[in-house]
Amino acid sequence: MSIVTLLPFIVLIGAMFLMTRSAKKKQQAAAQMRNEMQPGTGVRTIGGMYATVKEIGDETVLLEVAPGVHAVYAKNAIGAVLEDSEYNRIVHGDVEESDSDTVVPDDASSLTEAAEAKDTETAEVEDAPKADLTKKADAAEAAAEGQKDGKTDGETDAK
């Protein structure tokens, strides 16, 4: 066998090795993240639920999903361990101080004010006299043509 026939198999085996290695690294990182959990830490489950860790067992974790509401989850169900600031921002709506000058209104009044201003501009344009865009020469020519053959609209030559 030549090296040309073996090359695709070598490439395939190499790709499988790299994919397996990458998956193994992700699993190790997830396991390390779960091992670093401590009571009081905010987490997100793989189902998308946010909760606070209350107790940690060997295979399970006790989560507080609402004040006074506890649920037992498998450690593998924890998708992410969140920093306190991120958890508070998501769950409690706490706003962090930022350097941004972007202002987001609390209500839609700024949107309706803009729409009302646009409506008044549109009303002013609608009150203006309408321009006659038809060509008078074409209209006169069509009228003259109708008189030439002595027929009115809708009449035909069929007998």
# chains A, B, ... in the order shown; residues from 1 in each chain; ligands from 1

$ residues_around --residues "Met49 in chain A" --least-positions-apart "3" --cutoff "10 Å" --atoms "only C-alpha atoms" --output "PyMOL selection string"
chain A and resi 43-46+65+78-79

$ residues_around --residues "Val53 in chain A" --least-positions-apart "6" --cutoff "7 Å" --atoms "only C-alpha atoms" --output "PyMOL selection string"
chain A and resi 38-42+62-64

$ residues_around --residues "Gly57 in chain A" --least-positions-apart "2" --cutoff "10 Å" --atoms "only C-alpha atoms" --output "JSON list (two decimals) with N, CA and C atoms, in the first residue's frame"
[["chain", "number", "residue", "atom", "x", "y", "z"],
["A", 55, "GLU", "N", -26.26, 23.59, 50.16],
["A", 55, "GLU", "CA", -25.41, 22.51, 50.65],
["A", 55, "GLU", "C", -24.84, 21.74, 49.47],
["A", 59, "GLU", "N", -22.55, 13.72, 45.33],
["A", 59, "GLU", "CA", -23.13, 13.64, 43.98],
["A", 59, "GLU", "C", -24.22, 14.68, 43.74],
["A", 60, "THR", "N", -24.71, 15.30, 44.82],
["A", 60, "THR", "CA", -25.84, 16.21, 44.71],
["A", 60, "THR", "C", -25.52, 17.58, 45.29],
["A", 61, "VAL", "N", -26.40, 18.51, 45.00],
["A", 61, "VAL", "CA", -26.28, 19.86, 45.55],
["A", 61, "VAL", "C", -27.69, 20.34, 45.90],
["A", 62, "LEU", "N", -27.83, 20.99, 47.05],
["A", 62, "LEU", "CA", -29.11, 21.53, 47.48],
["A", 62, "LEU", "C", -29.15, 22.99, 47.05],
["A", 72, "VAL", "N", -33.16, 19.49, 45.40],
["A", 72, "VAL", "CA", -31.92, 18.72, 45.29],
["A", 72, "VAL", "C", -31.66, 18.44, 43.82],
["A", 74, "ALA", "N", -28.56, 17.02, 40.85],
["A", 74, "ALA", "CA", -27.28, 16.33, 40.63],
["A", 74, "ALA", "C", -26.23, 17.40, 40.34],
["A", 75, "LYS", "N", -25.02, 17.17, 40.77],
["A", 75, "LYS", "CA", -23.94, 18.13, 40.50],
["A", 75, "LYS", "C", -23.76, 18.37, 39.00]]

$ residues_around --residues "Pro67 in chain A" --least-positions-apart "4" --cutoff "12 Å" --atoms "only C-alpha atoms" --output "list in words"
Ala51, Thr52, Lys54, Leu63 and Ala71 of chain A

$ select_by_dssp --residues "range 8-66 of chain A" --states "helix (DSSP H, G or I)" --output "list in words"
Pro8, Phe9, Ile10, Val11, Leu12, Ile13, Gly14, Ala15, Met16, Phe17, Leu18, Met19, Thr20, Arg21, Ser22, Ala23, Lys24, Lys25, Lys26, Gln27, Gln28, Ala29, Ala30, Ala31, Gln32, Met33, Arg34 and Asn35 of chain A
